[in-house]
$ cat entry_37.cif   # mmCIF, C-alpha atoms
data_query
loop_
_atom_site.label_atom_id
_atom_site.label_comp_id
_atom_site.auth_asym_id
_atom_site.auth_seq_id
_atom_site.Cartn_x
_atom_site.Cartn_y
_atom_site.Cartn_z
CA MET A 1 28.37 120.35 0.89
CA GLU A 2 32.11 120.95 0.76
CA THR A 3 33.69 119.37 3.84
CA THR A 4 35.95 121.69 5.82
CA GLU A 5 39.40 120.73 7.06
CA GLN A 6 38.16 121.06 10.65
CA SER A 7 35.34 118.57 9.97
CA LEU A 8 37.77 116.10 8.41
CA GLN A 9 40.07 116.41 11.43
CA GLN A 10 37.19 115.75 13.83
CA ILE A 11 36.12 112.68 11.86
CA ASP A 12 39.70 111.44 11.75
CA ARG A 13 40.01 111.92 15.51
CA ALA A 14 36.79 109.92 16.04
CA ILE A 15 38.14 107.08 13.88
CA ARG A 16 41.37 107.02 15.88
CA LYS A 17 39.37 106.89 19.14
CA ILE A 18 37.44 103.89 17.82
CA ALA A 19 40.70 102.15 16.99
CA GLU A 20 42.07 102.96 20.47
CA LYS A 21 39.14 101.05 22.00
CA PHE A 22 40.15 97.94 20.04
CA PRO A 23 43.98 97.99 19.89
CA SER A 24 45.59 95.29 17.77
CA THR A 25 47.61 94.06 20.76
CA HIS A 26 44.53 92.73 22.57
CA GLU A 27 42.65 89.48 22.01
CA ALA A 28 40.00 89.86 19.33
CA THR A 29 36.58 90.98 20.54
CA GLN A 30 33.46 89.51 19.01
CA LEU A 31 31.59 92.39 17.42
CA THR A 32 29.62 92.52 14.20
CA ASP A 33 29.14 96.23 13.57
CA ILE A 34 30.33 99.63 14.64
CA HIS A 35 27.38 102.00 14.47
CA ILE A 36 28.03 105.62 13.53
CA CYS A 37 24.98 107.68 14.37
CA VAL A 38 24.75 111.21 12.96
CA THR A 39 22.16 113.76 14.06
CA GLN A 40 21.33 116.32 11.41
CA GLU A 41 20.00 118.97 13.80
CA THR A 42 22.89 118.97 16.28
CA GLY A 43 25.75 117.83 14.05
CA GLU A 44 26.55 115.18 16.62
CA LEU A 45 28.47 112.09 15.53
CA MET A 46 28.19 109.22 18.02
CA VAL A 47 29.75 105.79 17.72
CA PHE A 48 28.34 102.69 19.41
CA ASP A 49 29.14 99.00 19.56
CA ASP A 50 26.53 96.25 19.07
CA ASP A 51 25.43 96.49 22.70
CA ASP A 52 24.76 100.25 22.39
CA ASN A 53 27.81 101.09 24.48
CA GLU A 54 29.13 104.47 23.42
CA ILE A 55 32.64 104.36 22.00
CA THR A 56 33.07 108.06 21.22
CA ARG A 57 31.20 111.19 20.22
CA CYS A 58 31.93 114.61 18.78
CA VAL A 59 30.09 117.50 17.16
CA ILE A 60 30.79 118.36 13.54
CA GLU A 61 29.90 122.05 13.51
CA GLN A 62 29.50 122.09 9.74
CA TRP A 63 26.66 119.55 10.04
CA ILE A 64 24.63 121.50 12.62
CA ASP A 65 21.19 122.29 11.17
CA ALA A 66 22.19 121.02 7.73
CA LYS A 67 19.11 121.30 5.54
CA ASP A 68 20.31 119.24 2.57
CA ASP A 69 17.83 116.60 1.42
CA ASP A 70 20.72 114.28 0.64
CA PHE A 71 22.48 114.95 3.97
CA TYR A 72 23.06 111.29 4.83
CA ASP A 73 24.37 110.53 1.33
CA GLN A 74 26.88 113.36 1.67
CA VAL A 75 27.87 112.30 5.18
CA ALA A 76 28.28 108.70 4.00
CA ALA A 77 30.65 109.80 1.23
CA VAL A 78 32.78 111.82 3.67
CA LEU A 79 32.86 109.03 6.26
CA ARG A 80 33.64 106.40 3.64
CA LYS A 81 36.54 108.48 2.34
CA SER A 82 37.90 108.97 5.88
CA LEU A 83 37.54 105.28 6.72
CA ASN A 84 39.29 104.30 3.49
CA ALA A 85 42.15 106.69 4.32
CA ARG A 86 42.54 104.91 7.68
CA SER A 87 42.02 101.39 6.32
CA GLU A 88 45.27 100.01 7.70
CA LEU A 89 44.40 101.18 11.22
CA ILE A 90 40.80 99.98 10.95
CA GLU A 91 41.70 96.55 9.63
CA SER A 92 44.20 95.96 12.43
CA MET A 93 41.62 96.49 15.18
CA SER A 94 41.17 93.58 17.59
CA ILE A 95 37.69 92.63 16.41
CA LEU A 96 36.82 89.23 14.96
CA LYS A 97 36.23 89.51 11.22
CA PRO A 98 33.89 90.16 9.52
CA TYR A 99 32.71 93.44 10.97
CA SER A 100 31.46 96.64 9.42
CA PHE A 101 30.97 100.34 9.98
CA VAL A 102 27.33 101.34 9.54
CA LEU A 103 25.88 104.85 9.24
CA GLU A 104 22.63 105.44 11.14
CA ASN A 105 20.36 108.46 11.38
CA ASP A 106 19.31 110.15 14.62
CA GLU A 107 16.54 107.58 15.10
CA ARG A 108 19.18 104.82 14.88
CA ASP A 109 17.83 103.56 11.55
CA GLU A 110 20.53 102.13 9.32
CA GLN A 111 21.23 104.35 6.32
CA VAL A 112 24.17 102.65 4.63
CA GLU A 113 27.04 100.27 5.23
CA LEU A 114 30.22 102.35 5.00
CA TYR A 115 33.08 99.92 5.32
CA VAL A 116 33.38 96.14 5.69
CA VAL A 117 36.42 94.49 7.22
CA ASP A 118 36.49 90.96 5.91
CA GLY A 119 39.59 90.64 3.77
CA ASP A 120 37.58 89.55 0.73
CA THR A 121 34.67 92.00 0.76
CA ILE A 122 34.83 95.51 -0.64
CA ILE A 123 32.00 98.05 -0.76
CA ILE A 124 32.03 100.05 -3.96
CA ASP A 125 31.10 103.70 -3.65
CA PRO A 126 27.47 104.08 -4.83
CA ILE A 127 28.41 107.14 -6.92
CA ILE A 128 30.55 104.92 -9.13
CA MET A 129 27.71 102.44 -9.49
CA SER A 130 24.89 104.99 -9.99
CA ASP A 131 24.24 104.17 -13.67
CA LEU A 132 24.90 100.44 -13.44
CA ASP A 133 21.22 99.46 -13.88
CA HIS A 134 20.91 101.59 -16.99
CA ASP A 135 24.16 100.25 -18.42
CA LEU A 136 23.16 96.63 -17.78
CA ASN A 137 19.71 97.16 -19.29
CA THR A 138 21.24 98.73 -22.40
CA PHE A 139 23.72 95.88 -22.69
CA PHE A 140 20.93 93.31 -22.33
CA ASP A 141 18.73 95.07 -24.92
CA ASN A 142 21.60 95.15 -27.40
CA LEU A 143 22.38 91.52 -26.71
CA MET A 144 18.77 90.47 -27.27
CA LYS A 145 18.61 92.31 -30.62
CA ASP A 146 21.20 89.90 -31.96
CA VAL A 147 19.22 86.80 -30.91
#
$ encode --input "entry_37.cif" --output "structure tokens"
Amino acid sequence: METTEQSLQQIDRAIRKIAEKFPSTHEATQLTDIHICVTQETGELMVFDDDDNEITRCVIEQWIDAKDDDFYDQVAAVLRKSLNARSELIESMSILKPYSFVLENDERDEQVELYVVDGDTIIIDPIIMSDLDHDLNTFFDNLMKDV
């Protein structure tokens, strides 16, 4: 799924609204996760805090009735890219560290951790790491041949 400019703008607007709820000028709030819930049928993107209080919501028209089997993987990649682009804003939010952005499906089941704000922790995009098991197994096999 190729993400449209309109979809990217809506996601960016949602990220800015999240940051507005936790401006850097306020005392840090204790929060462990920001939950981004995406509904495949309606294209709705809803954001909640740990207490299930809604922070913001919008509808990504491109996602309405998306039939892709890997829908949540594609959404995660788009959200991760948008969050990374706004990393300075996200990391200045008045939330006690560490906290993370988590993608959930419409049943509120966690799909993937998108972004961790901790200073020392970085989540590597799974696409980059997709063949890591194979590469490590090959390395180990080659290493054991020499023993």
$ residues_around --input "entry_37.cif" --residues "A:Gln40" --least-positions-apart "5" --cutoff "10 Å" --atoms "all atoms listed in the file" --output "ChimeraX atom specification"
/A:45,60,63-68,71-72,75,105-106
$ resolve_selection --input "entry_37.cif" --expression "the PyMOL selection byres ((chain A and resi 13) around 12)" --output "ChimeraX atom specification"
/A:6-12,14-20,45,56-60,82-83,86
$ resolve_selection --input "entry_37.cif" --expression "the PyMOL selection byres ((chain A and resi 29) around 7)" --output "number ranges by chain"
A: 27-28, 30-31, 94-96
$ closest_residue --input "entry_37.cif" --among "A:Ala85, A:Ile34, A:Val78, A:Ile55" --to "A:Met1" --atoms "all atoms listed in the file"
A:Val78
$ closest_residue --input "entry_37.cif" --among "A:Thr4, A:Thr25, A:Gln74, A:Asn137" --to "A:Gln111" --atoms "all atoms listed in the file"
A:Gln74
$ closest_residue --input "entry_37.cif" --among "A:Val117, A:Asn53, A:Leu143, A:Asp69" --to "A:Met93" --atoms "all atoms listed in the file"
A:Val117
$ atom_distance --input "entry_37.cif" --atom1 "atom CA of A:Ser92" --atom2 "atom CA of A:Ser24"
5.6 Å
$ residues_around --input "entry_37.cif" --residues "A:Asp109" --least-positions-apart "2" --cutoff "12 Å" --atoms "all atoms listed in the file" --output "count of residues only"
15
$ atom_distance --input "entry_37.cif" --atom1 "atom CA of A:Leu79" --atom2 "atom CA of A:Leu114"
7.3 Å
$ atom_distance --input "entry_37.cif" --atom1 "atom CA of A:Ile90" --atom2 "atom CA of A:Phe48"
15.3 Å
